[in-house]
$ cat target_37.cif   # mmCIF, C-alpha atoms (C1' of nucleotides)
data_structure
#
loop_
_atom_site.label_atom_id
_atom_site.label_comp_id
_atom_site.auth_asym_id
_atom_site.auth_seq_id
_atom_site.Cartn_x
_atom_site.Cartn_y
_atom_site.Cartn_z
CA MET A 19 -89.85 24.22 -200.50
CA SER A 20 -89.67 21.17 -202.74
CA ALA A 21 -89.11 21.71 -206.44
CA ASP A 22 -91.94 23.11 -208.51
CA THR A 23 -93.46 20.09 -210.25
CA SER A 24 -94.30 22.16 -213.32
CA LYS A 25 -90.72 22.10 -214.47
CA VAL A 26 -87.55 20.16 -214.13
CA PRO A 27 -85.38 21.27 -211.18
CA THR A 28 -82.57 23.54 -212.26
CA PRO A 29 -79.00 22.36 -211.77
CA LYS A 30 -78.64 25.07 -209.14
CA ASP A 31 -81.55 23.73 -207.10
CA THR A 32 -80.18 20.26 -207.28
CA VAL A 33 -76.80 21.33 -206.09
CA LYS A 34 -78.26 23.22 -203.15
CA VAL A 35 -80.50 20.34 -202.12
CA ASP A 36 -77.73 17.84 -202.37
CA LYS A 37 -75.34 19.97 -200.40
CA ALA A 38 -77.54 20.24 -197.31
CA LEU A 39 -78.50 16.60 -197.49
CA GLU A 40 -74.86 15.68 -197.85
CA VAL A 41 -73.93 17.78 -194.85
CA PHE A 42 -76.56 15.94 -192.85
CA LYS A 43 -75.46 12.50 -194.00
CA ASN A 44 -71.84 13.32 -193.36
CA PHE A 45 -72.71 14.58 -189.92
CA LEU A 46 -74.53 11.36 -189.13
CA SER A 47 -71.70 9.17 -190.37
CA ALA A 48 -69.07 11.20 -188.59
CA HIS A 49 -70.87 10.59 -185.31
CA ASN A 50 -71.66 6.93 -185.91
CA PHE A 51 -75.32 7.74 -186.24
CA ARG A 52 -77.22 5.70 -188.77
CA ILE A 53 -78.90 7.04 -191.87
CA THR A 54 -82.51 6.02 -191.46
CA ASP A 55 -85.63 6.81 -193.45
CA GLN A 56 -87.08 8.61 -190.46
CA ARG A 57 -84.08 10.87 -190.04
CA LEU A 58 -84.07 11.72 -193.72
CA ALA A 59 -87.76 12.57 -193.62
CA ILE A 60 -87.27 14.77 -190.58
CA PHE A 61 -84.29 16.46 -192.18
CA GLU A 62 -86.25 17.26 -195.31
CA ALA A 63 -89.23 18.56 -193.37
CA ALA A 64 -87.01 20.61 -191.07
CA TYR A 65 -84.67 22.09 -193.64
CA TYR A 66 -87.32 23.07 -196.17
CA HIS A 67 -89.99 24.17 -193.75
CA PRO A 68 -90.86 27.79 -194.39
CA GLU A 69 -90.52 30.13 -191.42
CA HIS A 70 -90.54 29.07 -187.79
CA TYR A 71 -92.01 25.81 -186.60
CA THR A 72 -92.51 23.84 -183.42
CA ALA A 73 -91.58 20.22 -182.77
CA GLU A 74 -95.24 19.39 -183.28
CA ASP A 75 -95.32 21.21 -186.64
CA LEU A 76 -92.24 19.30 -187.67
CA HIS A 77 -93.78 16.03 -186.59
CA ASP A 78 -96.72 16.71 -188.91
CA SER A 79 -94.52 17.70 -191.82
CA ALA A 80 -92.24 14.72 -191.41
CA ARG A 81 -95.19 12.35 -191.23
CA ALA A 82 -96.40 13.73 -194.55
CA ILE A 83 -93.15 12.42 -196.02
CA ASP A 84 -92.85 9.22 -194.01
CA SER A 85 -95.88 8.32 -191.96
CA SER A 86 -93.86 6.08 -189.68
CA VAL A 87 -92.05 9.01 -188.04
CA SER A 88 -92.92 9.16 -184.37
CA ARG A 89 -92.91 12.17 -182.10
CA ALA A 90 -90.10 10.64 -180.07
CA THR A 91 -87.86 10.38 -183.09
CA VAL A 92 -88.58 13.99 -183.98
CA TYR A 93 -87.49 15.07 -180.52
CA ARG A 94 -84.44 12.83 -180.73
CA THR A 95 -83.46 14.16 -184.15
CA LEU A 96 -83.90 17.86 -183.45
CA PRO A 97 -80.68 18.16 -181.38
CA ILE A 98 -78.77 16.45 -184.18
CA LEU A 99 -80.06 18.95 -186.74
CA VAL A 100 -79.22 21.85 -184.44
CA GLU A 101 -75.80 20.43 -183.71
CA SER A 102 -75.07 20.02 -187.41
CA ASN A 103 -76.04 23.66 -187.86
CA LEU A 104 -78.68 22.89 -190.48
CA ILE A 105 -81.38 24.40 -188.30
CA ARG A 106 -81.34 26.61 -185.24
CA GLU A 107 -83.41 26.91 -182.12
CA VAL A 108 -85.37 30.09 -181.58
CA ASP A 109 -86.55 30.44 -178.01
CA VAL A 110 -88.96 33.31 -177.60
CA GLY A 111 -90.01 32.56 -174.04
CA ARG A 112 -93.04 30.44 -174.76
CA ASP A 113 -93.51 27.08 -173.11
CA TYR A 114 -92.41 25.33 -176.28
CA LYS A 115 -89.51 25.96 -178.61
CA TYR A 116 -89.38 27.13 -182.17
CA TYR A 117 -86.92 26.05 -184.82
CA MET A 118 -86.05 27.33 -188.24
CA ALA A 119 -83.85 26.31 -191.15
CA ASN A 120 -80.39 27.81 -191.40
CA ARG A 121 -80.51 28.19 -195.14
CA GLU A 122 -78.54 31.35 -195.70
CA THR A 123 -77.32 32.78 -192.46
CA LYS A 124 -75.71 36.12 -192.92
CA THR A 125 -75.51 38.65 -190.14
CA PHE A 126 -76.79 38.27 -186.61
CA GLN A 127 -80.56 38.27 -186.36
CA ALA A 128 -82.90 39.58 -183.73
CA GLN A 129 -86.47 38.42 -183.26
CA VAL A 130 -89.35 40.83 -183.26
CA ILE A 131 -92.49 39.20 -181.92
CA CYS A 132 -95.74 40.90 -182.82
CA ALA A 133 -97.89 41.10 -179.70
CA GLU A 134 -101.07 41.13 -181.77
CA THR A 135 -100.49 38.35 -184.25
CA ASP A 136 -97.81 36.38 -182.40
CA THR A 137 -95.77 36.31 -185.59
CA ILE A 138 -92.03 35.99 -185.20
CA TYR A 139 -89.97 38.14 -187.54
CA GLU A 140 -86.24 37.71 -188.04
CA VAL A 141 -84.52 41.03 -188.48
CA ASP A 142 -80.89 41.72 -189.30
CA ALA A 143 -79.19 43.29 -186.31
CA PRO A 144 -75.58 43.60 -187.41
CA PHE A 145 -74.43 45.63 -184.40
CA MET A 146 -75.54 43.02 -181.92
CA GLU A 147 -72.51 40.87 -182.29
CA TRP A 148 -70.36 43.76 -181.18
CA TYR A 149 -72.74 45.03 -178.56
CA GLY A 150 -73.18 41.67 -176.89
CA LYS A 151 -69.44 41.36 -176.75
CA ALA A 152 -69.21 44.76 -175.06
CA VAL A 153 -71.81 43.74 -172.49
CA ALA A 154 -70.00 40.49 -171.67
CA GLU A 155 -66.73 42.38 -171.55
CA LYS A 156 -67.98 44.33 -168.54
CA LEU A 157 -67.78 41.07 -166.61
CA GLY A 158 -64.52 39.92 -168.15
CA MET A 159 -66.35 37.32 -170.22
CA GLU A 160 -66.60 36.45 -173.89
CA PRO A 161 -69.89 35.65 -175.60
CA ILE A 162 -70.76 32.15 -176.80
CA SER A 163 -74.16 33.10 -178.17
CA GLN A 164 -76.65 35.87 -177.73
CA ARG A 165 -80.18 36.86 -178.49
CA LEU A 166 -82.09 40.07 -178.82
CA GLN A 167 -85.85 39.83 -178.73
CA VAL A 168 -88.32 42.65 -179.01
CA ILE A 169 -92.00 42.25 -178.24
CA ALA A 170 -93.66 44.93 -180.34
CA ARG A 171 -96.93 46.17 -181.74
CA PRO A 172 -97.70 47.68 -185.11
CA LYS A 173 -97.43 51.43 -185.05
CA LYS A 174 -100.64 53.31 -185.43
CA LYS A 175 -100.86 55.09 -188.75
CA VAL A 176 -100.99 58.86 -188.32
CA MET B 12 -82.00 43.52 -147.49
CA SER B 13 -83.66 43.64 -144.06
CA ALA B 14 -82.35 46.12 -141.50
CA ASP B 15 -79.11 45.36 -139.69
CA THR B 16 -80.16 44.04 -136.31
CA SER B 17 -77.18 45.65 -134.60
CA LYS B 18 -78.85 49.01 -134.72
CA VAL B 19 -82.24 50.55 -134.86
CA PRO B 20 -83.57 50.89 -138.40
CA THR B 21 -83.05 54.36 -139.78
CA PRO B 22 -86.07 56.40 -140.75
CA LYS B 23 -84.97 56.02 -144.36
CA ASP B 24 -85.06 52.21 -144.14
CA THR B 25 -88.46 52.31 -142.60
CA VAL B 26 -89.79 54.57 -145.27
CA LYS B 27 -88.46 52.34 -148.04
CA VAL B 28 -89.90 49.19 -146.55
CA ASP B 29 -93.25 50.78 -145.95
CA LYS B 30 -93.36 52.23 -149.42
CA ALA B 31 -93.04 48.92 -151.25
CA LEU B 32 -95.46 47.24 -148.89
CA GLU B 33 -97.85 50.10 -149.34
CA VAL B 34 -97.59 49.85 -153.11
CA PHE B 35 -98.45 46.17 -152.83
CA LYS B 36 -101.39 46.72 -150.51
CA ASN B 37 -102.70 49.53 -152.66
CA PHE B 38 -102.40 47.38 -155.73
CA LEU B 39 -104.37 44.61 -154.06
CA SER B 40 -107.11 46.94 -152.89
CA ALA B 41 -107.34 48.69 -156.24
CA HIS B 42 -108.03 45.35 -157.88
CA ASN B 43 -110.40 44.05 -155.23
CA PHE B 44 -107.86 41.46 -154.19
CA ARG B 45 -107.75 40.69 -150.50
CA ILE B 46 -104.84 41.35 -148.20
CA THR B 47 -104.04 37.94 -146.79
CA ASP B 48 -101.23 36.67 -144.59
CA GLN B 49 -100.03 34.42 -147.40
CA ARG B 50 -99.82 37.24 -149.91
CA LEU B 51 -97.93 39.41 -147.45
CA ALA B 52 -95.45 36.61 -146.75
CA ILE B 53 -94.93 36.02 -150.47
CA PHE B 54 -94.48 39.74 -151.07
CA GLU B 55 -91.86 40.00 -148.36
CA ALA B 56 -89.99 36.95 -149.57
CA ALA B 57 -90.17 38.10 -153.18
CA TYR B 58 -89.27 41.72 -152.70
CA TYR B 59 -86.36 41.18 -150.34
CA HIS B 60 -84.96 38.05 -151.94
CA PRO B 61 -81.38 38.66 -153.02
CA GLU B 62 -80.65 38.02 -156.69
CA HIS B 63 -82.68 35.84 -159.00
CA TYR B 64 -85.01 33.13 -157.76
CA THR B 65 -87.41 30.52 -159.07
CA ALA B 66 -91.00 29.94 -158.01
CA GLU B 67 -89.72 27.04 -155.96
CA ASP B 68 -87.11 29.21 -154.24
CA LEU B 69 -89.80 31.72 -153.46
CA HIS B 70 -92.06 29.03 -152.09
CA ASP B 71 -89.31 28.03 -149.66
CA SER B 72 -88.62 31.62 -148.60
CA ALA B 73 -92.28 32.43 -148.13
CA ARG B 74 -92.82 29.30 -146.06
CA ALA B 75 -90.03 30.43 -143.76
CA ILE B 76 -92.18 33.47 -143.00
CA ASP B 77 -95.58 31.79 -143.01
CA SER B 78 -95.52 28.02 -143.15
CA SER B 79 -99.08 27.86 -144.44
CA VAL B 80 -98.12 29.25 -147.87
CA SER B 81 -98.79 26.67 -150.54
CA ARG B 82 -97.08 26.31 -153.89
CA ALA B 83 -100.36 27.09 -155.66
CA THR B 84 -100.67 30.42 -153.90
CA VAL B 85 -97.10 31.29 -154.81
CA TYR B 86 -97.90 30.67 -158.46
CA ARG B 87 -101.11 32.63 -158.14
CA THR B 88 -99.40 35.57 -156.48
CA LEU B 89 -96.42 35.88 -158.80
CA PRO B 90 -98.41 37.47 -161.64
CA ILE B 91 -99.80 40.01 -159.18
CA LEU B 92 -96.31 40.99 -158.05
CA VAL B 93 -95.13 41.26 -161.64
CA GLU B 94 -98.19 43.25 -162.61
CA SER B 95 -97.65 45.65 -159.73
CA ASN B 96 -94.09 46.12 -160.95
CA LEU B 97 -92.57 45.12 -157.62
CA ILE B 98 -90.74 42.22 -159.21
CA ARG B 99 -89.97 41.27 -162.78
CA GLU B 100 -89.76 38.05 -164.71
CA VAL B 101 -86.40 37.06 -166.13
CA ASP B 102 -86.74 34.34 -168.73
CA VAL B 103 -83.40 32.93 -169.78
CA GLY B 104 -84.73 30.05 -171.82
CA ARG B 105 -84.73 27.36 -169.18
CA ASP B 106 -87.79 25.24 -168.53
CA TYR B 107 -88.63 27.30 -165.50
CA LYS B 108 -88.76 31.04 -164.94
CA TYR B 109 -86.68 33.32 -162.79
CA TYR B 110 -87.86 36.38 -160.95
CA MET B 111 -86.12 39.25 -159.21
CA ALA B 112 -87.06 42.24 -157.14
CA ASN B 113 -87.45 45.58 -158.87
CA ARG B 114 -85.83 47.55 -156.08
CA GLU B 115 -84.05 50.29 -157.96
CA THR B 116 -84.56 49.94 -161.66
CA LYS B 117 -82.51 52.40 -163.57
CA THR B 118 -81.47 51.79 -167.14
CA PHE B 119 -82.32 48.83 -169.30
CA GLN B 120 -80.55 45.65 -168.25
CA ALA B 121 -79.20 42.75 -170.24
CA GLN B 122 -78.58 39.29 -168.82
CA VAL B 123 -75.22 37.64 -169.11
CA ILE B 124 -75.46 33.95 -168.29
CA CYS B 125 -72.21 32.24 -167.39
CA ALA B 126 -72.04 28.94 -169.23
CA GLU B 127 -69.78 27.47 -166.58
CA THR B 128 -71.50 28.47 -163.35
CA ASP B 129 -75.02 29.14 -164.69
CA THR B 130 -75.00 32.41 -162.80
CA ILE B 131 -77.21 35.15 -164.20
CA TYR B 132 -75.69 38.62 -164.14
CA GLU B 133 -77.68 41.77 -164.75
CA VAL B 134 -75.68 44.31 -166.71
CA ASP B 135 -76.62 47.86 -167.62
CA ALA B 136 -77.16 48.12 -171.34
CA PRO B 137 -78.31 51.69 -171.82
CA PHE B 138 -78.22 51.63 -175.62
CA MET B 139 -80.59 48.70 -175.87
CA GLU B 140 -83.70 50.76 -175.48
CA TRP B 141 -82.78 52.71 -178.56
CA TYR B 142 -81.46 49.77 -180.51
CA GLY B 143 -84.51 47.61 -179.91
CA LYS B 144 -86.62 50.49 -181.10
CA ALA B 145 -84.54 50.75 -184.27
CA VAL B 146 -84.96 47.02 -184.91
CA ALA B 147 -88.73 47.16 -184.45
CA GLU B 148 -88.84 50.26 -186.61
CA LYS B 149 -87.65 48.24 -189.60
CA LEU B 150 -91.03 46.49 -189.48
CA GLY B 151 -93.02 49.61 -188.74
CA MET B 152 -93.54 48.50 -185.16
CA GLU B 153 -92.91 49.97 -181.75
CA PRO B 154 -91.40 47.96 -178.88
CA ILE B 155 -93.41 46.93 -175.84
CA SER B 156 -90.54 45.15 -174.13
CA GLN B 157 -87.24 43.65 -175.10
CA ARG B 158 -84.49 41.45 -173.84
CA LEU B 159 -80.84 40.98 -174.63
CA GLN B 160 -79.24 37.81 -173.34
CA VAL B 161 -75.66 36.74 -173.75
CA ILE B 162 -74.43 33.26 -172.94
CA ALA B 163 -70.76 33.74 -172.12
CA ARG B 164 -67.71 32.17 -170.60
CA PRO B 165 -65.01 33.71 -168.45
CA LYS B 166 -62.12 34.95 -170.55
CA LYS B 167 -58.92 33.07 -170.15
CA LYS B 168 -56.31 35.11 -168.36
CA VAL B 169 -53.30 35.84 -170.57
"C1'" DT C 14 -74.29 -10.32 -186.35
"C1'" DT C 15 -74.92 -6.44 -183.42
"C1'" DG C 16 -75.09 -2.03 -181.58
"C1'" DG C 17 -77.57 1.93 -182.90
"C1'" DT C 18 -82.87 3.17 -183.75
"C1'" DT C 19 -87.60 3.12 -183.53
"C1'" DG C 20 -92.47 3.52 -181.81
"C1'" DC C 21 -95.11 3.18 -177.97
"C1'" DA C 22 -96.50 4.37 -173.69
"C1'" DA C 23 -95.19 5.73 -169.35
"C1'" DA C 24 -92.46 9.13 -166.95
"C1'" DC C 25 -91.12 13.94 -166.03
"C1'" DA C 26 -91.28 18.64 -164.28
"C1'" DA C 27 -92.96 23.18 -164.09
"C1'" DT C 28 -97.14 25.24 -163.83
"C1'" DT C 29 -102.28 25.42 -163.69
"C1'" DT C 30 -106.77 24.32 -162.09
"C1'" DG C 31 -111.16 22.14 -159.83
"C1'" DC C 32 -113.12 22.00 -155.64
"C1'" DA C 33 -114.49 22.01 -150.88
"C1'" DT C 34 -113.27 24.85 -147.21
"C1'" DC C 35 -111.97 29.13 -145.22
"C1'" DT C 36 -111.86 34.16 -144.34
"C1'" DA C 37 -111.25 39.29 -145.22
"C1'" DA C 38 -114.09 43.01 -145.63
"C1'" DT D 10 -122.79 37.65 -145.10
"C1'" DT D 11 -120.39 36.51 -149.21
"C1'" DA D 12 -117.25 36.98 -152.95
"C1'" DG D 13 -112.68 36.18 -153.11
"C1'" DA D 14 -108.62 33.02 -151.35
"C1'" DT D 15 -106.51 28.94 -149.91
"C1'" DG D 16 -104.46 24.14 -149.78
"C1'" DC D 17 -104.63 19.92 -151.72
"C1'" DA D 18 -104.33 16.85 -155.25
"C1'" DA D 19 -105.29 15.96 -159.85
"C1'" DA D 20 -104.71 17.72 -164.44
"C1'" DT D 21 -101.98 19.85 -168.17
"C1'" DT D 22 -98.39 20.20 -171.51
"C1'" DG D 23 -94.07 20.06 -173.90
"C1'" DT D 24 -90.48 17.04 -173.74
"C1'" DT D 25 -87.81 12.87 -172.24
"C1'" DT D 26 -87.02 8.06 -171.44
"C1'" DG D 27 -87.36 2.75 -170.67
"C1'" DC D 28 -87.97 -1.07 -173.31
"C1'" DA D 29 -88.73 -4.73 -176.62
"C1'" DA D 30 -88.75 -5.11 -181.43
"C1'" DC D 31 -86.11 -3.55 -185.56
"C1'" DC D 32 -82.71 -2.82 -188.93
"C1'" DA D 33 -78.48 -0.38 -191.03
"C1'" DA D 34 -73.83 -1.36 -191.59
#
$ encode --input "target_37.cif" --output "structure tokens"
Amino acid sequence: MSADTSKVPTPKDTVKVDKALEVFKNFLSAHNFRITDQRLAIFEAAYYHPEHYTAEDLHDSARAIDSSVSRATVYRTLPILVESNLIREVDVGRDYKYYMANRETKTFQAQVICAETDTIYEVDAPFMEWYGKAVAEKLGMEPISQRLQVIARPKKKV
Amino acid sequence: MSADTSKVPTPKDTVKVDKALEVFKNFLSAHNFRITDQRLAIFEAAYYHPEHYTAEDLHDSARAIDSSVSRATVYRTLPILVESNLIREVDVGRDYKYYMANRETKTFQAQVICAETDTIYEVDAPFMEWYGKAVAEKLGMEPISQRLQVIARPKKKV
DNA sequence: TTGGTTGCAAACAATTTGCATCTAA
DNA sequence: TTAGATGCAAATTGTTTGCAACCAA
């Protein structure tokens, strides 16, 4: 998350932080959206939040940075963050949505949801991109996005 | 769907209809649930409904059979139908759920959702069973269920 | 100055639930 | 007879929206 206070941030950290923040600011400007304290607080909370989080989680985290952030503004800012590709939505079929930072997106990822702990794991699933394309192909279509989700339980040790 | 009215139902049709109904009635009895007119109407509407449908769609269809069926009873009966494996839930990430009859389930099916028409297509995806297992395996888990969904658009004709 | 933003509270929409009444077994 | 079912309407819950006050550009 935020820099370890026990030492000065490394140049590398600074560069990374600035890059994402810059992307966000540029995105706002490019769309004639204003750069407000609330949006910056939500960005910081959203981009550096570890693991998956709900809108409510994000509301809490953003308030810790700027207590004036309202729930409505969180909900209004989430689509902007998703659109700018800084975070992504992870819908696992609950009645609320999860989000997570897009810090270092590599290959396609599937979600494995543990039925016992409800934890959501992101797992590399490199073949999916191709396989989803093959499935869509059967209907003469091309994929825009896809998701593979596996509800699973821990294997019993033998 | 229902028998062609231009001819007498074949013995085969009759057997199929009776079988599903019997499964439902047996399921109810086995769980000490009562066999009511409303549940029978909902079963019939749910099991013979073509394609995917929402709870609201089902409510309409069931009312056409028995006008006394309330929305609450539809919602209360859906889990029973899913549990008895006569229908299955198809969650495509909207704010309401879809259902569809489990008439002849063969291999694993993926959903392809057309971004232009919103139509949901069920497509055989025989490898998924194995692939989902492989993905869960990476975490030392075994799959309980899985879903592959592809949002797609029609390919442009060249 | 002014058009985009905000917080608040009310509005929404799908689904669930409390309760008095009904009914299958 | 009686435990389970039903319809109705109210409640729930995550999310959206109208609006007057605000404020970034």
$ closest_atom_pairs --input "target_37.cif" --of "chain B" --to "chain A" --cutoff "12 Å" --atoms "all atoms listed in the file" --output "tab-separated table"
residue	atom	partner	partner_atom	distance
B:Glu100	CA	A:Gly111	CA	10.8
B:Val101	CA	A:Gly111	CA	9.8
B:Asp102	CA	A:Gly111	CA	6.5
B:Val103	CA	A:Gly111	CA	7.9
B:Gly104	CA	A:Gly111	CA	6.3
B:Arg105	CA	A:Gly111	CA	8.9
B:Asp106	CA	A:Asp113	CA	7.6
B:Tyr107	CA	A:Asp113	CA	9.0
B:Lys108	CA	A:Gly111	CA	9.3
B:Tyr109	CA	A:Gly111	CA	11.8
B:Gln120	CA	A:Val153	CA	9.9
B:Ala121	CA	A:Val153	CA	7.8
B:Gln122	CA	A:Val153	CA	8.9
B:Val123	CA	A:Ala154	CA	6.5
B:Ile124	CA	A:Ala154	CA	9.2
B:Cys125	CA	A:Met159	CA	8.3
B:Ala126	CA	A:Ile162	CA	8.3
B:Glu127	CA	A:Met159	CA	11.0
B:Thr130	CA	A:Leu157	CA	11.9
B:Ile131	CA	A:Leu157	CA	11.4
B:Tyr132	CA	A:Leu157	CA	8.6
B:Glu133	CA	A:Val153	CA	9.9
B:Val134	CA	A:Val153	CA	7.0
B:Asp135	CA	A:Val153	CA	8.0
B:Ala136	CA	A:Val153	CA	7.0
B:Pro137	CA	A:Val153	CA	10.3
B:Phe138	CA	A:Tyr149	CA	9.1
B:Met139	CA	A:Tyr149	CA	9.1
B:Glu140	CA	A:Val168	CA	10.0
B:Trp141	CA	A:Val168	CA	11.5
B:Tyr142	CA	A:Ala143	CA	9.0
B:Gly143	CA	A:Val168	CA	6.3
B:Lys144	CA	A:Val168	CA	8.3
B:Ala145	CA	A:Ala143	CA	9.4
B:Val146	CA	A:Val141	CA	7.0
B:Ala147	CA	A:Val130	CA	6.5
B:Glu148	CA	A:Lys173	CA	8.8
B:Lys149	CA	A:Val141	CA	7.9
B:Leu150	CA	A:Pro172	CA	8.1
B:Gly151	CA	A:Lys173	CA	6.0
B:Met152	CA	A:Pro172	CA	4.2
B:Glu153	CA	A:Ala170	CA	5.3
B:Pro154	CA	A:Ala170	CA	4.1
B:Ile155	CA	A:Ala170	CA	4.9
B:Ser156	CA	A:Ile169	CA	5.2
B:Gln157	CA	A:Val168	CA	4.2
B:Arg158	CA	A:Gln167	CA	5.3
B:Leu159	CA	A:Leu166	CA	4.5
B:Gln160	CA	A:Arg165	CA	5.3
B:Val161	CA	A:Gln164	CA	4.2
B:Ile162	CA	A:Ser163	CA	5.2
B:Ala163	CA	A:Pro161	CA	4.1
B:Arg164	CA	A:Met159	CA	5.3
B:Pro165	CA	A:Met159	CA	4.2
B:Lys166	CA	A:Met159	CA	4.9
B:Lys167	CA	A:Met159	CA	8.6
B:Lys168	CA	A:Gly158	CA	9.5
$ closest_atom_pairs --input "target_37.cif" --of "chain C" --to "chain A" --cutoff "9 Å" --atoms "all atoms listed in the file" --output "CSV"
residue,atom,partner,partner_atom,distance
C:DG17,C1',A:Arg52,CA,7.0
C:DT18,C1',A:Arg52,CA,8.0
C:DT19,C1',A:Thr91,CA,7.3
C:DG20,C1',A:Ser88,CA,6.2
$ write_last_selection --input "target_37.cif" --atoms "C-alpha atoms (C1' of nucleotides)" --output "CSV table (one decimal), in the frame of the given file"
chain,number,residue,atom,x,y,z
C,17,DG,C1',-77.6,1.9,-182.9
C,18,DT,C1',-82.9,3.2,-183.8
C,19,DT,C1',-87.6,3.1,-183.5
C,20,DG,C1',-92.5,3.5,-181.8
$ resolve_selection --input "target_37.cif" --expression "the PyMOL selection byres ((chain D) within 9 of (chain A))" --output "list in words"
DT22, DG23, DT24, DT25, DA33 and DA34 of chain D
$ resolve_selection --input "target_37.cif" --expression "the PyMOL selection byres ((chain D and resi 10) around 12)" --output "ChimeraX atom specification"
/C:36-38 /D:11-12
$ axis_aligned_box --input "target_37.cif" --around "stretch 44-58 of chain B" --padding-each-side "6 Å" --output "JSON"
{"center_x": -98.6, "center_y": 38.1, "center_z": -149.4, "size_x": 30.6, "size_y": 19.3, "size_z": 21.6}
$ atom_distance --input "target_37.cif" --atom1 "atom CA of A:Ala59" --atom2 "atom CA of A:Tyr117"
16.1 Å
$ residues_near_point --input "target_37.cif" --point "(-84.9, 23.9, -194.6)" --cutoff "12 Å" --atoms "all atoms listed in the file" --output "ChimeraX atom specification"
/A:19-20,34-35,37-39,42,59-71,76,79,99-100,103-106,117-123
$ atom_distance --input "target_37.cif" --atom1 "atom CA of B:Ser95" --atom2 "atom C1' of D:DA20"
29.2 Å
$ atom_distance --input "target_37.cif" --atom1 "atom CA of A:Leu46" --atom2 "atom CA of A:Leu96"
12.7 Å
$ resolve_selection --input "target_37.cif" --expression "the PyMOL selection byres ((chain C and resi 30-32) around 10)" --output "ChimeraX atom specification"
/B:83 /C:28-29,33-34 /D:17-21
